[in-house]
$ cat coords03.txt   # compact mmCIF, C-alpha atoms
# COMPACT_ATOMS: atom_id res chain seq x y z
CA MET A 1 -11.24 14.00 -8.96
CA ASP A 2 -13.08 10.82 -7.94
CA ALA A 3 -10.09 8.74 -9.02
CA PHE A 4 -7.73 11.10 -7.19
CA TRP A 5 -9.60 10.92 -3.88
CA LEU A 6 -10.19 7.18 -4.20
CA SER A 7 -6.48 6.58 -4.77
CA LEU A 8 -5.45 8.90 -1.95
CA VAL A 9 -7.78 7.26 0.57
CA MET A 10 -7.08 3.64 -0.42
CA ILE A 11 -3.29 4.03 -0.41
CA PHE A 12 -3.50 6.00 2.84
CA ILE A 13 -5.33 3.02 4.36
CA ALA A 14 -2.94 0.51 2.77
CA GLU A 15 0.01 2.28 4.36
CA LEU A 16 -1.45 2.18 7.91
CA GLY A 17 0.66 -0.18 9.99
CA ASP A 18 2.76 -1.11 6.94
CA LYS A 19 6.51 -1.71 7.07
CA SER A 20 7.08 1.50 5.10
CA GLN A 21 5.22 3.52 7.73
CA LEU A 22 7.32 1.98 10.49
CA LEU A 23 10.41 2.72 8.42
CA ALA A 24 9.36 6.37 8.05
CA LEU A 25 8.96 6.66 11.81
CA SER A 26 12.35 5.05 12.41
CA LEU A 27 14.15 7.30 9.92
CA ALA A 28 12.50 10.40 11.37
CA THR A 29 14.17 9.63 14.69
CA CYS A 30 17.55 9.79 12.92
CA TYR A 31 17.11 12.63 10.43
CA ASN A 32 15.20 15.87 9.94
CA THR A 33 11.47 15.18 9.50
CA LYS A 34 11.13 17.45 6.44
CA VAL A 35 14.04 15.70 4.72
CA VAL A 36 12.45 12.31 5.43
CA LEU A 37 9.05 13.39 4.05
CA TRP A 38 10.58 14.91 0.90
CA GLY A 39 12.56 11.70 0.37
CA ILE A 40 9.38 9.64 0.77
CA PHE A 41 7.46 11.94 -1.59
CA PHE A 42 9.92 11.76 -4.48
CA SER A 43 10.60 8.05 -3.97
CA THR A 44 6.86 7.26 -3.99
CA LEU A 45 6.37 9.52 -7.01
CA ALA A 46 9.01 7.48 -8.86
CA VAL A 47 7.64 4.06 -7.86
CA HIS A 48 3.98 4.90 -8.44
CA VAL A 49 4.51 6.35 -11.91
CA PHE A 50 5.50 2.83 -12.97
CA SER A 51 2.66 1.26 -10.97
CA SER A 52 0.05 3.56 -12.51
CA ALA A 53 1.45 3.01 -16.02
CA ILE A 54 1.35 -0.77 -15.58
CA GLY A 55 -2.23 -0.60 -14.29
CA SER A 56 -3.34 1.65 -17.16
CA PHE A 57 -1.77 -0.73 -19.69
CA MET A 58 -3.41 -3.76 -18.08
CA GLY A 59 -6.76 -1.99 -18.04
CA GLY A 60 -6.92 -2.15 -21.83
CA LEU A 61 -6.31 -5.90 -22.02
CA LEU A 62 -9.39 -7.23 -20.21
CA PRO A 63 -13.14 -6.48 -20.18
CA THR A 64 -14.20 -3.93 -17.55
CA ASP A 65 -16.25 -6.41 -15.51
CA TRP A 66 -13.31 -8.81 -15.20
CA ILE A 67 -10.95 -5.96 -14.33
CA MET A 68 -13.22 -4.83 -11.48
CA PHE A 69 -13.72 -8.41 -10.29
CA ILE A 70 -9.98 -9.13 -10.19
CA ALA A 71 -9.22 -5.73 -8.66
CA GLY A 72 -11.74 -6.44 -5.89
CA LEU A 73 -10.14 -9.83 -5.28
CA SER A 74 -6.73 -8.17 -5.07
CA PHE A 75 -8.01 -5.67 -2.47
CA ILE A 76 -9.18 -8.57 -0.32
CA ALA A 77 -5.67 -9.99 -0.64
CA TYR A 78 -4.28 -6.63 0.54
CA GLY A 79 -6.64 -6.86 3.51
CA PHE A 80 -5.12 -10.19 4.54
CA TRP A 81 -1.65 -8.77 3.87
CA THR A 82 -2.44 -5.84 6.18
CA LEU A 83 -3.62 -8.17 8.96
CA ARG A 84 -0.48 -10.25 8.58
CA GLY A 85 1.77 -7.19 8.85
CA ASP A 86 5.43 -6.85 7.97
CA ALA A 87 8.52 -6.97 10.11
CA LEU A 88 11.01 -4.13 9.98
CA ASP A 89 14.57 -5.44 9.73
CA ASP A 90 17.14 -3.98 12.10
CA GLU A 91 19.26 -3.22 9.04
CA ASP A 92 16.48 -1.02 7.63
CA ALA A 93 15.76 0.67 10.94
CA SER A 94 19.35 1.58 11.80
CA CYS A 95 20.69 5.11 11.39
CA LYS A 96 23.24 5.36 8.59
CA ARG A 97 25.25 8.42 7.58
CA THR A 98 27.20 7.20 4.56
CA ILE A 99 25.24 9.46 2.15
CA HIS A 100 23.02 12.54 2.36
CA PRO A 101 19.84 11.74 4.38
CA PHE A 102 17.55 12.68 1.47
CA TRP A 103 19.16 10.14 -0.87
CA LEU A 104 19.26 7.53 1.87
CA VAL A 105 15.52 7.94 2.49
CA PHE A 106 14.79 8.03 -1.26
CA THR A 107 16.76 4.84 -1.92
CA THR A 108 15.48 2.99 1.15
CA PHE A 109 11.84 3.72 0.36
CA PHE A 110 12.23 2.98 -3.33
CA MET A 111 13.56 -0.50 -2.52
CA ALA A 112 11.01 -1.07 0.24
CA GLU A 113 8.09 -0.19 -2.04
CA LEU A 114 9.01 -2.54 -4.88
CA GLY A 115 6.46 -5.35 -4.70
CA ASP A 116 4.82 -3.87 -1.59
CA LYS A 117 1.04 -3.82 -1.25
CA THR A 118 0.87 -0.05 -1.78
CA MET A 119 2.61 -0.46 -5.13
CA LEU A 120 0.34 -3.35 -6.12
CA GLY A 121 -2.68 -1.43 -4.84
CA THR A 122 -1.77 1.44 -7.15
CA VAL A 123 -1.58 -1.01 -10.06
CA SER A 124 -5.08 -2.28 -9.19
CA LEU A 125 -6.50 1.25 -8.93
CA ALA A 126 -4.99 2.28 -12.27
CA THR A 127 -6.65 -0.60 -14.13
CA THR A 128 -10.05 1.08 -13.73
CA ASN A 129 -9.13 4.74 -13.23
CA PRO A 130 -7.17 7.41 -15.20
CA PHE A 131 -3.38 7.37 -14.91
CA LEU A 132 -2.62 10.89 -13.63
CA PRO A 133 -5.08 11.16 -10.70
CA VAL A 134 -4.14 7.65 -9.54
CA TRP A 135 -0.43 8.50 -9.67
CA ILE A 136 -0.75 11.80 -7.77
CA GLY A 137 -3.45 10.59 -5.38
CA SER A 138 -1.63 7.41 -4.41
CA THR A 139 1.61 9.33 -3.85
CA LEU A 140 -0.03 11.91 -1.60
CA GLY A 141 -1.97 9.21 0.26
CA MET A 142 1.25 7.44 1.17
CA VAL A 143 3.07 10.63 2.19
CA ILE A 144 0.14 11.78 4.37
CA SER A 145 -0.05 8.37 6.04
CA ASP A 146 3.69 8.36 6.76
CA ALA A 147 3.58 11.96 8.00
CA LEU A 148 0.76 10.98 10.36
CA ALA A 149 2.82 8.05 11.67
CA ILE A 150 5.83 10.29 12.25
CA GLY A 151 3.75 12.95 14.05
CA VAL A 152 1.82 10.52 16.24
CA GLY A 153 4.92 8.42 16.85
CA LYS A 154 6.91 11.40 18.10
CA ILE A 155 4.06 12.43 20.40
CA LEU A 156 3.46 8.96 21.81
CA GLY A 157 7.06 7.75 21.71
CA LYS A 158 6.36 5.12 19.03
CA ASN A 159 3.61 3.53 21.15
CA LEU A 160 1.18 3.31 18.23
CA PRO A 161 -1.88 1.01 18.54
CA GLU A 162 -0.43 -1.05 15.70
CA GLN A 163 -2.74 -4.08 15.95
CA THR A 164 -5.90 -1.96 16.13
CA VAL A 165 -4.78 0.05 13.11
CA LYS A 166 -4.03 -3.11 11.11
CA VAL A 167 -7.41 -4.70 11.90
CA GLY A 168 -9.31 -1.53 10.99
CA ALA A 169 -7.40 -1.09 7.72
CA GLY A 170 -7.83 -4.77 6.86
CA MET A 171 -11.62 -4.58 7.38
CA ILE A 172 -11.87 -1.55 5.08
CA PHE A 173 -10.00 -3.47 2.38
CA PHE A 174 -12.36 -6.44 2.76
CA VAL A 175 -15.46 -4.27 2.42
CA PHE A 176 -14.11 -2.27 -0.52
CA GLY A 177 -12.84 -5.43 -2.21
CA GLY A 178 -16.17 -7.24 -1.76
CA LEU A 179 -18.16 -4.31 -3.16
CA THR A 180 -15.83 -4.00 -6.15
CA MET A 181 -16.07 -7.73 -6.85
CA TYR A 182 -19.86 -7.57 -6.68
CA GLU A 183 -20.06 -4.57 -8.99
CA GLY A 184 -17.86 -6.23 -11.58
CA GLY A 185 -19.10 -9.80 -11.23
CA LYS A 186 -22.88 -9.41 -10.87
CA GLY A 187 -23.42 -11.33 -14.07
CA PHE A 188 -20.84 -14.04 -13.48
CA SER A 189 -21.75 -17.68 -13.05
CA PRO A 190 -21.80 -19.45 -9.66
CA VAL A 191 -18.72 -21.39 -10.77
CA VAL A 192 -16.69 -18.16 -11.06
CA TRP A 193 -17.87 -16.97 -7.64
CA ALA A 194 -17.16 -20.35 -6.06
CA SER A 195 -13.66 -20.30 -7.53
CA ALA A 196 -13.11 -16.76 -6.23
CA GLY A 197 -14.34 -17.86 -2.79
CA ALA A 198 -11.86 -20.73 -2.79
CA VAL A 199 -9.06 -18.31 -3.73
CA ILE A 200 -10.05 -15.98 -0.87
CA VAL A 201 -10.03 -18.84 1.64
CA LEU A 202 -6.63 -19.98 0.36
CA MET A 203 -5.25 -16.43 0.62
CA GLY A 204 -6.55 -16.15 4.18
CA VAL A 205 -4.94 -19.42 5.21
CA LEU A 206 -1.59 -18.56 3.63
CA PHE A 207 -1.36 -14.98 4.89
CA LEU A 208 -2.62 -15.61 8.42
CA ARG A 209 -0.57 -18.79 8.83
CA HIS A 210 2.51 -16.78 7.90
CA ARG A 211 1.47 -14.16 10.46
CA GLN A 212 1.24 -16.81 13.21
CA SER A 213 4.70 -18.10 12.32
CA GLN A 214 6.06 -14.55 12.80
CA VAL A 215 4.56 -14.20 16.27

$ encode --input "coords03.txt" --output "structure tokens"
Amino acid sequence: MDAFWLSLVMIFIAELGDKSQLLALSLATCYNTKVVLWGIFFSTLAVHVFSSAIGSFMGGLLPTDWIMFIAGLSFIAYGFWTLRGDALDDEDASCKRTIHPFWLVFTTFFMAELGDKTMLGTVSLATTNPFLPVWIGSTLGMVISDALAIGVGKILGKNLPEQTVKVGAGMIFFVFGGLTMYEGGKGFSPVVWASAGAVIVLMGVLFLRHRQSQV
């Protein structure tokens, strides 16, 4: 249950302000909300079964301390990724009626999630936690986050405090990532920590510079 709740909460946070959440809100203005949420649920279930399997496989290849250290580093990367944000293409946001709405939502979200930070976050969680609770927890975390976006968006007319949400979610990732790195790397040499610090600085420069170029 610890792995389930951890996965649910972390993926819920990862999805806040993400392109997929904006996509869910956009699609819900075109199609029935229940159809959109069911499409998201089954699409996420399909993507995250692969993510969890990959993470579980990787978890057996490295020592536990290194797995936790690298996982913590990856969560800090997701924090920068969250602060940078993603742009929603007009092509993705447009209403299309060429196929049944459920399959349109399923396909759109499946493609949007490939390589997204929620997918990679699920991989990271599964390296140190059991497969099944990570798979189910991460799926429900994403669906709940998207359902929240749809509900709040319809009430407020899409006027979500996007920047505030992104900053808050990014800070949570930084704290969780730092704690995970510390727990895994307590016995590591200063050289390893200095190298990790350099990687974090480099990630911050790359992600935030890309964010400024988008503004």

$ closest_residue --input "coords03.txt" --among "A:Ser51, A:Gln21, A:Glu183, A:Val167" --to "Leu132 of chain A" --atoms "only C-alpha atoms"
A:Ser51

$ residues_around --input "coords03.txt" --residues "Ile11 of chain A" --least-positions-apart "5" --cutoff "7 Å" --atoms "only C-alpha atoms" --output "ChimeraX atom specification"
/A:118,138,141-142

$ atom_distance --input "coords03.txt" --atom1 "atom CA of Trp135 of chain A" --atom2 "atom CA of Ser7 of chain A"
8.0 Å

$ atom_distance --input "coords03.txt" --atom1 "atom CA of Phe109 of chain A" --atom2 "atom CA of Lys34 of chain A"
15.0 Å

$ atom_distance --input "coords03.txt" --atom1 "atom CA of Met10 of chain A" --atom2 "atom CA of Thr139 of chain A"
10.9 Å

$ closest_residue --input "coords03.txt" --among "A:Glu113, A:Glu15, A:Asp146, A:Asp65" --to "Trp81 of chain A" --atoms "all atoms listed in the file"
A:Glu15

$ closest_residue --input "coords03.txt" --among "A:Val192, A:Pro63, A:Val47, A:Leu208" --to "Ala112 of chain A" --atoms "all atoms listed in the file"
A:Val47

$ closest_residue --input "coords03.txt" --among "A:His100, A:Ser20, A:Lys166, A:Ser124" --to "Gly72 of chain A" --atoms "all atoms listed in the file"
A:Ser124

$ build_atoms --input "coords03.txt" --residues "segment 133-144 of chain A" --atoms "all heavy atoms" --output "tab-separated table (two decimals), keeping the file's coordinate frame"
chain	number	residue	atom	x	y	z
A	133	PRO	N	-4.56	11.02	-12.06
A	133	PRO	CA	-5.08	11.16	-10.70
A	133	PRO	C	-4.71	10.00	-9.79
A	133	PRO	O	-4.53	10.20	-8.59
A	133	PRO	CB	-6.60	11.24	-10.91
A	133	PRO	CG	-6.84	10.72	-12.27
A	133	PRO	CD	-5.63	11.02	-13.07
A	134	VAL	N	-4.56	8.79	-10.35
A	134	VAL	CA	-4.14	7.65	-9.54
A	134	VAL	C	-2.70	7.85	-9.08
A	134	VAL	O	-2.35	7.61	-7.92
A	134	VAL	CB	-4.28	6.33	-10.32
A	134	VAL	CG1	-3.60	5.17	-9.57
A	134	VAL	CG2	-5.74	6.00	-10.56
A	135	TRP	N	-1.84	8.28	-10.00
A	135	TRP	CA	-0.43	8.50	-9.67
A	135	TRP	C	-0.27	9.55	-8.57
A	135	TRP	O	0.39	9.30	-7.55
A	135	TRP	CB	0.31	8.94	-10.94
A	135	TRP	CG	1.76	9.28	-10.75
A	135	TRP	CD1	2.64	8.70	-9.87
A	135	TRP	CD2	2.50	10.30	-11.45
A	135	TRP	NE1	3.88	9.27	-9.98
A	135	TRP	CE2	3.82	10.26	-10.94
A	135	TRP	CE3	2.19	11.20	-12.45
A	135	TRP	CZ2	4.82	11.11	-11.42
A	135	TRP	CZ3	3.18	12.05	-12.92
A	135	TRP	CH2	4.48	12.00	-12.41
A	136	ILE	N	-0.89	10.72	-8.75
A	136	ILE	CA	-0.75	11.80	-7.77
A	136	ILE	C	-1.47	11.46	-6.47
A	136	ILE	O	-0.94	11.66	-5.37
A	136	ILE	CB	-1.29	13.12	-8.34
A	136	ILE	CG1	-0.57	13.48	-9.64
A	136	ILE	CG2	-1.15	14.24	-7.31
A	136	ILE	CD1	0.93	13.63	-9.50
A	137	GLY	N	-2.68	10.91	-6.58
A	137	GLY	CA	-3.45	10.59	-5.38
A	137	GLY	C	-2.79	9.53	-4.52
A	137	GLY	O	-2.73	9.64	-3.30
A	138	SER	N	-2.27	8.48	-5.16
A	138	SER	CA	-1.63	7.41	-4.41
A	138	SER	C	-0.34	7.90	-3.74
A	138	SER	O	-0.03	7.51	-2.61
A	138	SER	CB	-1.32	6.22	-5.33
A	138	SER	OG	-0.41	6.58	-6.36
A	139	THR	N	0.38	8.77	-4.43
A	139	THR	CA	1.61	9.33	-3.85
A	139	THR	C	1.30	10.17	-2.62
A	139	THR	O	1.92	10.00	-1.56
A	139	THR	CB	2.35	10.19	-4.89
A	139	THR	OG1	2.73	9.36	-6.00
A	139	THR	CG2	3.61	10.80	-4.29
A	140	LEU	N	0.32	11.06	-2.73
A	140	LEU	CA	-0.03	11.91	-1.60
A	140	LEU	C	-0.63	11.10	-0.46
A	140	LEU	O	-0.37	11.39	0.72
A	140	LEU	CB	-1.03	12.99	-2.04
A	140	LEU	CG	-0.48	14.06	-2.99
A	140	LEU	CD1	-1.57	15.05	-3.37
A	140	LEU	CD2	0.70	14.79	-2.34
A	141	GLY	N	-1.40	10.07	-0.78
A	141	GLY	CA	-1.97	9.21	0.26
A	141	GLY	C	-0.89	8.55	1.10
A	141	GLY	O	-0.99	8.48	2.34
A	142	MET	N	0.16	8.09	0.44
A	142	MET	CA	1.25	7.44	1.17
A	142	MET	C	2.02	8.45	2.02
A	142	MET	O	2.36	8.17	3.17
A	142	MET	CB	2.19	6.74	0.20
A	142	MET	CG	3.30	5.98	0.88
A	142	MET	SD	4.13	4.86	-0.24
A	142	MET	CE	5.50	4.34	0.81
A	143	VAL	N	2.31	9.61	1.45
A	143	VAL	CA	3.07	10.63	2.19
A	143	VAL	C	2.28	11.11	3.41
A	143	VAL	O	2.84	11.26	4.50
A	143	VAL	CB	3.43	11.81	1.27
A	143	VAL	CG1	4.08	12.93	2.08
A	143	VAL	CG2	4.37	11.37	0.15
A	144	ILE	N	0.98	11.34	3.24
A	144	ILE	CA	0.14	11.78	4.37
A	144	ILE	C	0.11	10.73	5.46
A	144	ILE	O	0.21	11.03	6.66
A	144	ILE	CB	-1.28	12.12	3.88
A	144	ILE	CG1	-1.26	13.35	2.97
A	144	ILE	CG2	-2.21	12.37	5.07
A	144	ILE	CD1	-2.57	13.61	2.26
